[in-house]
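Taking it in order: structure first as C-alpha cells, then the write-up.
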Amino acid sequence: MNLHAIRAIYLFEMARTWRTLLQSIVSPVISTALYFVVFGSAIGSRIAEVDGVSYGAFIVPGLVMLSLLTQSVSNASFGIYFPKFTGTIYELLSAPISFYEIVIAYVGAAASKSIILGLIILATAGLFVPLHIEHPVWMTVFLVLTAVTFSLLGFIIGIWADGFEKLQVVPLLVITPLTFLGGSFYSIHMLPPAWQTVTLFNPVVYLVSGFRWSFYGQADVSVATSLVMAMVFLVVCMLVVRWMFATGYKLKN
Amino acid sequence: MPMQAMISIENLSKTYNSGYQALTNVDLQIQKGEIFALLGANGAGKTTLISIVCGIVRPTSGRVFVDGHDIVRDYRRARSLIGLVPQELTTDAFETVLATVTFSRGLFGKPKNPALIEKILRDLSLWDKRNNKIMTLSGGMKRRVLIAKALSHEPSVLFLDEPTAGVDVELRRDMWNMVRTLRETGVTVILTTHYIEEAEEMADRVGVISKGELILVQEKSELMHKLGKKELLLHLERPLAAIPPVLADFALRVENEGLDLIYSFDRENERTGIATLLRTLTDEGVRFRDLETRQSSLEDIFISLVKDAR
C-alpha cells in the first residue's frame, strides 16, 4: 500500500480546509446556529415536546445530520472534481497509487472534515439547548458511517460531474430535500400514514432516526434497520466507485 | 545478450469512446539513457502515446513495459519510474511551489526529502519563489514548477510533452541543459515537440508519428545522413528565363525571379555532378557571382515524411 501517497493526498485536502476556513467551517456553523435561533428558540418554544424531548433538543441530531450529509457530499465532490477541472488529475492518474488508495485518501479527508464540522455544530448546539447523549459509541458509529457513505456519494458525483452546475445539482435537488423530508425537524410519526410509508423510501430517514436514537433512545424506525440501511447505502456507493474505476468512467477514456 | 529496453511498446492501439482511433499498432523500444524525440503534427497521437505509458489513458490493445514492468499488471513499479511534464500548464493555482512539489514526491510513494526538493528548486531557479502561490508565477515559472514536480520522486524516465511550447529562449536553453544533465545521470528522456530544432539539438533518436502510426524511428544522425539532401545554390549575374535544354538531366530549379539556380544532389553519391554542371554552365555562358551549399534540416525531412504518409 502506498501510504505516503494516501498521506500526501489526505494532508493536501485537509490543508485546503484550513485555507478556506470561512467557507468550510464558519459558514455551516453560522447557518446551523440560525436554525437553532429560528426553529429551536423562536418557533420551537411554541411547539410541544416531541416524544418527551423539547423541540429545540429534538432537532439537534437532525441538524447535525443535515450538515454532515451536505458537507460530506460537497467536500468529496469538490475534492475530486477540482483536479479534473484544473487538469492536475494527470498527476493522480499517473502516480503509483491504486484506485482504492485514492478513494481512502479523498473520502477519508472529506469524511474527516465533515465529522469535525459535525462535532463543532454539536458543541454549538450545546450553547442553545441542554444536550444529552445516551449512546455515545453508537452516536460515533452513525456519525462516521454517514460521513463516509455520503463522502463516497460525493466522490461519485465529483467524477460524474463535467461542470460546476452538475456538481451542485445533486446536493441541491436531491440531498437537501431528502434531508428536510427525512425527519430532521420532525418525527415521521407526525405525518399522515400514507406519507409515513412514502418516507420509508428515503434513506436519510434511517440515518436521522438512528442518530437521534443514540441521543435520546427514541427512534422512528428500529436501530437495527437504521444500521442495516446505512450499511446497504455504503455498500452500494462502494460498488459504484469500484465500477467507475474498473471501467475508467470519465477518467481514463 | 541485448540490453533490456527502458520503454517497450508492443502493438499498441487506442480508440477513444468517441470512435476516434488515436493510435494504430505502435511498436517502439527506447533504451536506457536515451533521449528520444517524438515528432508529429497536432492530433498525430503523441500525447495519447505518452498518456498510455504514464497510465493516464487506457490502451485499447497492446502492451507497454517500463524497465520490464508491465504498466497494467505491475503499474506501481512502472509508474514509480516515470516523471511526466504535461503539455498544459496544469497546476494547483492556490498552492505554494514548495507544497506542490513536496506533494508530488509523497504521491509517488517517496518519504520526505527536504534537501533533495531544495536542490531541485535551486537547479530550476525556483528556490526564491518556494513560498509563492503558483498563480502568481509567470508561464515560464509554472513550466519550471511542473518540471520540479516531475523530478521530485527521482524518476528513471522523464516524459516532456511539448516542453518548450510558449517558453522564452532562456528557459528553452535551460531546459536543454537540464535534459543533458539528466541524461548524464542515466535518466531516459522522451520528448514530444513541434520544434524540430529541439529534436535536432538534443535527441539521439527520432520517431515520427502521423495519424496514430509510427512511420519512422531512426538515429537522428542516420536519418539526416540518409534522407538529408544537399543543394547547391548559384547566385547568377543575370536572370535566367528558362533552364537551357542541355541541363535537362540535372535536378535544377530557378528561384528569385531567375537570379538563383538551385541544384539538388545526393551527397551519398560518389559523383555529385557538380563539376559537370559548373562546366556546362560555363560552356552555355551562364555566369554566377557566388555559390553556396545547404543541407536539408530535420524539419524538411519531417515535412516530406508526413506528406508521403498521407
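Ordering of the C-alpha cells sets the chain letters (A, B, ...); residue numbers start at 1 within each chain; ligands are numbered from 1 in the order shown.
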Review point. Please, which residues of range 30-137 of chain A, numbered as in this document, come out alpha helix (DSSP H) from DSSP, as a ChimeraX atom specification?
Key: /A:30-35,55-86,89-94,99-128,136-137
Write down, as an mmCIF file with N, CA and C atoms, in the first residue's frame, each residue of chain A that has any atom within 7 Å of an atom of chain B, counting only C-alpha atoms.
```cif
data_model
loop_
_atom_site.group_PDB
_atom_site.id
_atom_site.type_symbol
_atom_site.label_atom_id
_atom_site.label_comp_id
_atom_site.auth_asym_id
_atom_site.auth_seq_id
_atom_site.Cartn_x
_atom_site.Cartn_y
_atom_site.Cartn_z
ATOM 1 N N ASN A 2 0.507 2.234 -0.817
ATOM 2 C CA ASN A 2 1.292 3.467 -0.930
ATOM 3 C C ASN A 2 0.829 4.465 0.143
ATOM 4 N N HIS A 4 2.519 6.721 1.726
ATOM 5 C CA HIS A 4 2.998 8.091 1.525
ATOM 6 C C HIS A 4 2.013 8.876 0.656
ATOM 7 N N ALA A 5 1.492 8.183 -0.367
ATOM 8 C CA ALA A 5 0.560 8.854 -1.279
ATOM 9 C C ALA A 5 -0.754 9.175 -0.575
ATOM 10 N N ALA A 8 -0.144 12.043 1.603
ATOM 11 C CA ALA A 8 0.041 13.286 0.838
ATOM 12 C C ALA A 8 -1.312 13.857 0.397
ATOM 13 N N THR A 86 -9.035 21.545 -13.174
ATOM 14 C CA THR A 86 -7.779 22.260 -13.434
ATOM 15 C C THR A 86 -6.824 21.442 -14.314
ATOM 16 N N GLY A 87 -7.071 20.142 -14.387
ATOM 17 C CA GLY A 87 -6.190 19.287 -15.193
ATOM 18 C C GLY A 87 -5.117 18.601 -14.371
ATOM 19 N N THR A 88 -5.010 18.935 -13.088
ATOM 20 C CA THR A 88 -3.956 18.327 -12.265
ATOM 21 C C THR A 88 -4.237 16.845 -11.967
ATOM 22 N N TYR A 90 -3.989 14.601 -13.918
ATOM 23 C CA TYR A 90 -2.993 13.794 -14.634
ATOM 24 C C TYR A 90 -1.984 13.189 -13.668
ATOM 25 N N LEU A 93 -3.502 10.261 -11.718
ATOM 26 C CA LEU A 93 -3.694 9.066 -12.552
ATOM 27 C C LEU A 93 -2.368 8.424 -12.962
ATOM 28 N N SER A 94 -1.303 9.220 -12.960
ATOM 29 C CA SER A 94 -0.011 8.657 -13.366
ATOM 30 C C SER A 94 0.840 8.228 -12.170
ATOM 31 N N ALA A 95 0.310 8.402 -10.981
ATOM 32 C CA ALA A 95 1.069 8.048 -9.768
ATOM 33 C C ALA A 95 0.924 6.556 -9.458
ATOM 34 N N PRO A 96 1.906 5.983 -8.775
ATOM 35 C CA PRO A 96 1.821 4.553 -8.415
ATOM 36 C C PRO A 96 0.888 4.336 -7.233
ATOM 37 N N ILE A 97 -0.363 4.607 -7.468
ATOM 38 C CA ILE A 97 -1.355 4.539 -6.394
ATOM 39 C C ILE A 97 -2.591 3.836 -6.929
ATOM 40 N N LYS A 252 -10.397 7.765 -17.576
ATOM 41 C CA LYS A 252 -9.287 7.239 -18.378
ATOM 42 C C LYS A 252 -9.646 6.973 -19.831
ATOM 43 N N ASN A 253 -10.804 7.433 -20.270
ATOM 44 C CA ASN A 253 -11.160 7.161 -21.658
ATOM 45 C C ASN A 253 -11.293 8.421 -22.494
#
```
Exercise for review: From a DSSP pass on the backbone, collect the residues of range 102-219 of chain B flagged as strand (DSSP E or B) and hand them back as a ChimeraX atom specification.
Suggested key: /B:133,157-161,188-193,205-210,213-219
Keeping only C-alpha atoms, write the selected residues as a CSV table (one decimal), in the first residue's frame.
```csv
chain,number,residue,atom,x,y,z
B,133,LYS,CA,1.4,30.7,-4.7
B,157,VAL,CA,12.3,8.0,-17.3
B,158,LEU,CA,11.2,11.6,-17.9
B,159,PHE,CA,8.4,12.4,-20.4
B,160,LEU,CA,8.4,16.0,-21.6
B,161,ASP,CA,5.3,16.7,-23.6
B,188,THR,CA,15.9,8.3,-20.2
B,189,VAL,CA,14.2,11.3,-21.7
B,190,ILE,CA,11.3,11.1,-24.1
B,191,LEU,CA,10.1,14.4,-25.5
B,192,THR,CA,7.4,15.3,-27.9
B,193,THR,CA,7.8,18.5,-29.8
B,205,ARG,CA,16.8,9.1,-32.0
B,206,VAL,CA,13.8,10.5,-33.6
B,207,GLY,CA,10.4,8.9,-34.1
B,208,VAL,CA,7.8,10.4,-36.5
B,209,ILE,CA,4.2,9.8,-35.8
B,210,SER,CA,1.4,10.6,-38.2
B,213,GLU,CA,1.0,5.4,-36.8
B,214,LEU,CA,4.7,5.5,-36.1
B,215,ILE,CA,6.0,5.9,-39.6
B,216,LEU,CA,9.7,6.1,-38.8
B,217,VAL,CA,12.2,5.6,-36.0
B,218,GLN,CA,15.8,6.2,-36.6
B,219,GLU,CA,19.0,7.6,-35.2
```
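Here CA of Ser77 in chain A is placed at a distance of 13.0 Å from CA of Ala147 in chain A.
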Revision key, fill the gap. Phe245 in chain A proximity check over A:Tyr186, A:Tyr206, A:Phe128, A:Phe99, using only C-alpha atoms: winner is A:Phe99
Practice item. List the neighbours of Ile115 in chain A out to 10 Å using only C-alpha atoms; skip same-chain residues closer than 5 positions along the sequence, and give me the result as JSON, numbers by chain. Key: {"A": [64, 67, 68, 71, 72, 109, 110, 120, 121, 140, 143, 144, 146, 147, 148]}
Any chance you can output those residues with N, CA and C atoms as a compact mmCIF listing (two decimals), in the first residue's frame?
```txt
# COMPACT_ATOMS: atom_id res chain seq x y z
N VAL A 64 -27.38 18.24 12.90
CA VAL A 64 -26.01 17.74 12.73
C VAL A 64 -25.96 16.87 11.47
N SER A 67 -25.99 18.92 8.21
CA SER A 67 -24.67 19.45 7.85
C SER A 67 -23.73 18.34 7.42
N LEU A 68 -23.80 17.24 8.13
CA LEU A 68 -22.92 16.11 7.84
C LEU A 68 -23.13 15.62 6.40
N GLN A 71 -22.23 18.54 3.75
CA GLN A 71 -20.80 18.84 3.72
C GLN A 71 -19.99 17.65 3.21
N SER A 72 -20.39 16.43 3.58
CA SER A 72 -19.67 15.25 3.09
C SER A 72 -19.74 15.21 1.56
N ALA A 109 -10.42 12.24 3.81
CA ALA A 109 -10.29 13.67 4.10
C ALA A 109 -11.66 14.34 4.17
N ALA A 110 -12.52 14.02 3.20
CA ALA A 110 -13.85 14.64 3.18
C ALA A 110 -14.64 14.24 4.42
N ILE A 120 -18.35 20.27 15.81
CA ILE A 120 -18.41 21.71 16.12
C ILE A 120 -19.87 22.16 16.24
N ILE A 121 -20.69 21.65 15.30
CA ILE A 121 -22.11 22.01 15.34
C ILE A 121 -22.77 21.48 16.61
N THR A 140 -21.17 7.89 17.64
CA THR A 140 -19.93 7.96 16.85
C THR A 140 -20.02 7.06 15.62
N LEU A 143 -22.23 8.67 13.12
CA LEU A 143 -21.56 9.86 12.60
C LEU A 143 -20.53 9.47 11.53
N VAL A 144 -19.70 8.49 11.88
CA VAL A 144 -18.64 8.07 10.96
C VAL A 144 -19.22 7.39 9.73
N THR A 146 -22.16 7.67 8.38
CA THR A 146 -22.85 8.61 7.50
C THR A 146 -21.84 9.48 6.75
N ALA A 147 -20.82 9.95 7.48
CA ALA A 147 -19.82 10.82 6.83
C ALA A 147 -19.11 10.06 5.71
N VAL A 148 -18.74 8.81 5.98
CA VAL A 148 -18.01 8.02 4.97
C VAL A 148 -18.93 7.73 3.77
```
Practice item. Could you tell me which of A:Asn202, A:Gln196, A:Ser54, A:Asn75 comes closest to Ile157 in chain A if we count only C-alpha atoms? Key: A:Asn75
Point to revise | Contact residues around Gly186 in chain B with only C-alpha atoms at 8 Å, ignoring same-chain residues under 3 positions, as a list in words | key: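 Close residues of Gly186 in chain B: Lys32, Gly33, Ser156, Leu182 and Arg183 of chain B.
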For the residues in that selection, give me N, CA and C atoms as a PDB file, in the first residue's frame.
```pdb
ATOM      1  N   LYS B  32      17.737   2.624 -22.254  1.00  0.00           N
ATOM      2  CA  LYS B  32      18.078   3.374 -21.046  1.00  0.00           C
ATOM      3  C   LYS B  32      19.080   4.490 -21.379  1.00  0.00           C
ATOM      4  N   GLY B  33      18.827   5.647 -20.834  1.00  0.00           N
ATOM      5  CA  GLY B  33      19.748   6.767 -21.009  1.00  0.00           C
ATOM      6  C   GLY B  33      19.629   7.479 -22.346  1.00  0.00           C
ATOM      7  N   SER B 156      13.371   7.521 -13.350  1.00  0.00           N
ATOM      8  CA  SER B 156      14.375   6.994 -14.283  1.00  0.00           C
ATOM      9  C   SER B 156      14.020   7.345 -15.721  1.00  0.00           C
ATOM     10  N   LEU B 182      20.460  15.424 -17.034  1.00  0.00           N
ATOM     11  CA  LEU B 182      19.697  14.241 -16.603  1.00  0.00           C
ATOM     12  C   LEU B 182      20.213  12.997 -17.310  1.00  0.00           C
ATOM     13  N   ARG B 183      20.484  13.139 -18.593  1.00  0.00           N
ATOM     14  CA  ARG B 183      20.973  12.001 -19.362  1.00  0.00           C
ATOM     15  C   ARG B 183      22.306  11.491 -18.794  1.00  0.00           C
TER      16      ARG B 183
END
```
